[in-house]
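Scroll down for the structure; my scribbles are underneath it.
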Amino acid sequence: MRILIIVTGFLLFAGCTAKPTYQKTELTWEKDIKTIFEHNCIECHGLNRVESRLNLLDERTIKENLWLIYKTVIQKQVMPPTNNLNINLSQGDRLKINSWIRGNAPGIGTGEPY
Ligand code: HEC
């Protein structure tokens with residue numbers, strides 16, 4: 001029984017931290033992703049307020065938090081908050097962010113396999 005708990009715990013832990021497989025992408029920060037962040041994120045993360053001390057106007061901050069952003073925006077889909085009527089991240093834009101991060105964020109990350 002104890003073994004079962006340990007194994008289950010490990011799998012849950014691994015599942016939460018594992019990165020999805022790398023997939024090459026043509027999407028780049030400047031060309032495709034920056035405007036999505038400008039329209040959907042920076043109102044609360046850089047422009048008027050800096051929630052969670054996460055300034056998404058700052059490219060280094062984005063680079064350092066890529067996997068947190070992935071977890072929040074793609075896996076849990078809790079950002080941007082759904083109770084804000086002015087902001088509605090389209091499914092298409094969410095898919096772009098997904099592909100871009102999985103491609104190791106060309107323009108901010110290396111774009112090479114991680
Ligand atoms: C209407 C305001 C608002 C917008 C727009 C918004 N956020 Fe947030 N964000 C918050 C608040 C408030 C928190 C901190 C509280 C929380 O974690 O729920 C937060 C926290 C986060 C966190 C940290 C989560 C954690 O577990 O530490 C990430 C990452 C994030 N936001 C990314 C984004 C991204 C990317 C966008 C745009 C796609 C975005 N947010 C848009 C308000 C916003």
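Here's how to read the names in the structure tokens: chain A, B, ... by the order shown, residue numbers from 1 in each chain, ligand numbers from 1 in the order shown.
Restricting the atom set to only C-alpha atoms and all ligand atoms, one finds that the residues within 8 Å of ligand 1 amount to A:Ile36, A:Phe37, A:His39, A:Asn40, A:Cys41, A:Ile42, A:Glu43, A:Cys44, A:His45, A:Glu51, A:Ser52, A:Leu54, A:Leu56, A:Asn65, A:Leu68, A:Ile69, A:Tyr70, A:Lys71, A:Thr72, A:Val73, A:Val78, A:Met79, A:Pro80, A:Pro81, A:Asn83, A:Asn84, A:Ile87, A:Leu89, A:Arg94.
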Using N, CA and C atoms, can you write the selected residues to a file as a compact mmCIF listing (two decimals), in the first residue's frame?
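part_20.txt written:
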```txt
# COMPACT_ATOMS: atom_id res chain seq x y z
N ILE A 36 -0.43 39.43 -28.98
CA ILE A 36 -1.39 38.66 -28.17
C ILE A 36 -1.20 39.02 -26.69
N PHE A 37 0.05 39.10 -26.26
CA PHE A 37 0.33 39.47 -24.87
C PHE A 37 -0.11 40.92 -24.62
N HIS A 39 -2.50 42.56 -25.98
CA HIS A 39 -3.96 42.68 -25.91
C HIS A 39 -4.57 41.93 -24.74
N ASN A 40 -3.90 40.89 -24.26
CA ASN A 40 -4.55 40.00 -23.29
C ASN A 40 -3.90 39.92 -21.92
N CYS A 41 -2.69 40.46 -21.76
CA CYS A 41 -1.98 40.22 -20.51
C CYS A 41 -1.48 41.49 -19.82
N ILE A 42 -0.94 42.43 -20.59
CA ILE A 42 -0.15 43.47 -19.92
C ILE A 42 -0.98 44.49 -19.15
N GLU A 43 -2.27 44.53 -19.41
CA GLU A 43 -3.11 45.40 -18.58
C GLU A 43 -2.91 45.09 -17.10
N CYS A 44 -2.76 43.81 -16.80
CA CYS A 44 -2.58 43.39 -15.40
C CYS A 44 -1.15 42.99 -15.09
N HIS A 45 -0.35 42.80 -16.11
CA HIS A 45 1.03 42.35 -15.90
C HIS A 45 2.02 43.31 -16.54
N GLU A 51 0.60 42.08 -11.49
CA GLU A 51 0.10 40.96 -10.68
C GLU A 51 1.16 39.86 -10.59
N SER A 52 1.24 39.22 -9.44
CA SER A 52 2.19 38.14 -9.19
C SER A 52 3.62 38.57 -9.50
N LEU A 54 4.77 39.74 -12.03
CA LEU A 54 5.10 39.18 -13.34
C LEU A 54 4.89 40.28 -14.39
N LEU A 56 4.96 41.26 -17.87
CA LEU A 56 5.03 40.60 -19.19
C LEU A 56 5.36 41.59 -20.31
N ASN A 65 9.85 32.69 -17.12
CA ASN A 65 8.58 32.13 -16.64
C ASN A 65 7.81 31.38 -17.72
N LEU A 68 5.80 28.43 -16.43
CA LEU A 68 4.70 28.87 -15.56
C LEU A 68 3.57 29.42 -16.44
N ILE A 69 3.94 30.17 -17.46
CA ILE A 69 2.94 30.71 -18.38
C ILE A 69 2.23 29.56 -19.10
N TYR A 70 3.01 28.59 -19.53
CA TYR A 70 2.43 27.42 -20.21
C TYR A 70 1.40 26.73 -19.31
N LYS A 71 1.80 26.50 -18.06
CA LYS A 71 0.92 25.81 -17.12
C LYS A 71 -0.37 26.61 -16.89
N THR A 72 -0.20 27.92 -16.76
CA THR A 72 -1.34 28.77 -16.40
C THR A 72 -2.28 29.02 -17.58
N VAL A 73 -1.69 29.29 -18.74
CA VAL A 73 -2.51 29.68 -19.90
C VAL A 73 -2.98 28.48 -20.71
N VAL A 78 -6.29 29.27 -16.69
CA VAL A 78 -6.82 30.21 -15.69
C VAL A 78 -6.39 31.65 -15.97
N MET A 79 -5.57 31.85 -16.99
CA MET A 79 -5.16 33.19 -17.41
C MET A 79 -5.46 33.36 -18.88
N PRO A 80 -5.91 34.52 -19.36
CA PRO A 80 -6.35 35.63 -18.52
C PRO A 80 -7.62 35.25 -17.76
N PRO A 81 -7.88 35.92 -16.62
CA PRO A 81 -9.05 35.55 -15.82
C PRO A 81 -10.33 35.71 -16.64
N ASN A 83 -13.26 36.38 -15.63
CA ASN A 83 -14.23 37.35 -15.13
C ASN A 83 -13.96 38.78 -15.62
N ASN A 84 -12.94 38.95 -16.47
CA ASN A 84 -12.68 40.27 -17.03
C ASN A 84 -13.33 40.37 -18.40
N ILE A 87 -11.31 41.36 -21.73
CA ILE A 87 -10.26 40.50 -22.27
C ILE A 87 -10.80 39.11 -22.51
N LEU A 89 -9.20 35.91 -24.48
CA LEU A 89 -8.18 35.27 -25.31
C LEU A 89 -8.85 34.23 -26.20
N ARG A 94 -4.72 31.14 -28.12
CA ARG A 94 -4.21 30.21 -27.10
C ARG A 94 -3.39 29.10 -27.77
```
task: Could you give me, as a PyMOL selection string, each residue of range 8-93 of chain A that DSSP assigns to alpha helix (DSSP H) when run on this structure's backbone?
output: chain A and resi 8-17+34-40+59-64+66-69+91-93
Store the residues of this selection in a file with C-alpha atoms, as a short mmCIF file (atom, residue, chain, number, x, y, z; two decimals), in the first residue's frame.
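part.cif written:
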```cif
data_model
loop_
_atom_site.label_atom_id
_atom_site.label_comp_id
_atom_site.auth_asym_id
_atom_site.auth_seq_id
_atom_site.Cartn_x
_atom_site.Cartn_y
_atom_site.Cartn_z
CA THR A 8 1.14 7.53 -7.39
CA GLY A 9 2.68 10.56 -5.73
CA PHE A 10 5.68 10.40 -8.02
CA LEU A 11 3.53 10.11 -11.14
CA LEU A 12 1.43 13.10 -10.08
CA PHE A 13 4.56 15.08 -9.38
CA ALA A 14 6.15 14.11 -12.71
CA GLY A 15 2.90 14.89 -14.53
CA CYS A 16 2.76 18.37 -13.07
CA THR A 17 6.32 19.32 -13.88
CA LYS A 34 3.86 39.98 -28.75
CA THR A 35 0.54 41.50 -29.83
CA ILE A 36 -1.39 38.66 -28.17
CA PHE A 37 0.33 39.47 -24.87
CA GLU A 38 -0.23 43.19 -25.42
CA HIS A 39 -3.96 42.68 -25.91
CA ASN A 40 -4.55 40.00 -23.29
CA GLU A 59 11.10 39.78 -22.30
CA ARG A 60 13.53 38.39 -19.75
CA THR A 61 10.69 37.85 -17.28
CA ILE A 62 8.76 35.98 -19.97
CA LYS A 63 11.76 33.81 -20.74
CA GLU A 64 12.27 32.95 -17.08
CA LEU A 66 7.82 30.29 -19.89
CA TRP A 67 6.74 27.08 -18.20
CA LEU A 68 4.70 28.87 -15.56
CA ILE A 69 2.94 30.71 -18.38
CA GLN A 91 -8.87 29.75 -28.80
CA GLY A 92 -6.73 30.48 -31.89
CA ASP A 93 -4.44 32.75 -29.89
#
```
message: Can you pull out the residues contacting Gly103 in chain A? Cut-off 12 Å, using only C-alpha atoms, and skip same-chain residues under 2 positions away; I want them as a ChimeraX atom specification.
response: /A:19-29,66,70,96-101,105-114
Mind dumping the selected residues with C-alpha atoms as an mmCIF file, in the first residue's frame?
```
data_model
loop_
_atom_site.group_PDB
_atom_site.id
_atom_site.type_symbol
_atom_site.label_atom_id
_atom_site.label_comp_id
_atom_site.auth_asym_id
_atom_site.auth_seq_id
_atom_site.Cartn_x
_atom_site.Cartn_y
_atom_site.Cartn_z
ATOM 1 C CA LYS A 19 7.299 19.691 -20.235
ATOM 2 C CA PRO A 20 5.364 18.568 -23.314
ATOM 3 C CA THR A 21 7.396 17.330 -26.234
ATOM 4 C CA TYR A 22 9.286 19.910 -28.260
ATOM 5 C CA GLN A 23 7.719 20.792 -31.586
ATOM 6 C CA LYS A 24 9.400 23.100 -34.059
ATOM 7 C CA THR A 25 7.411 26.233 -34.915
ATOM 8 C CA GLU A 26 7.554 29.109 -37.377
ATOM 9 C CA LEU A 27 5.827 31.414 -34.889
ATOM 10 C CA THR A 28 8.031 34.154 -33.450
ATOM 11 C CA TRP A 29 7.724 36.593 -30.554
ATOM 12 C CA LEU A 66 7.821 30.289 -19.891
ATOM 13 C CA TYR A 70 2.430 27.423 -20.209
ATOM 14 C CA LYS A 96 -0.475 29.994 -30.962
ATOM 15 C CA ILE A 97 0.940 30.506 -27.464
ATOM 16 C CA ASN A 98 0.903 26.725 -27.027
ATOM 17 C CA SER A 99 2.850 26.080 -30.250
ATOM 18 C CA TRP A 100 5.245 28.931 -29.595
ATOM 19 C CA ILE A 101 6.231 27.773 -26.098
ATOM 20 C CA ALA A 105 9.714 30.415 -27.796
ATOM 21 C CA PRO A 106 11.580 31.692 -30.913
ATOM 22 C CA GLY A 107 12.619 35.313 -30.424
ATOM 23 C CA ILE A 108 12.814 34.986 -26.633
ATOM 24 C CA GLY A 109 13.825 31.372 -26.041
ATOM 25 C CA THR A 110 16.242 29.580 -28.346
ATOM 26 C CA GLY A 111 13.683 27.944 -30.645
ATOM 27 C CA GLU A 112 15.825 24.807 -30.339
ATOM 28 C CA PRO A 113 14.832 21.540 -28.616
ATOM 29 C CA TYR A 114 14.933 21.803 -24.828
#
```
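One finds CA of Leu95 in chain A at 25.9 Å from CA of Arg49 in chain A.
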- request: Apply DSSP to the structure's backbone, then extract all residues of chain A labelled strand (DSSP E or B) and return them as JSON, numbers by chain.
  value: {"A": [45, 50, 106, 109]}
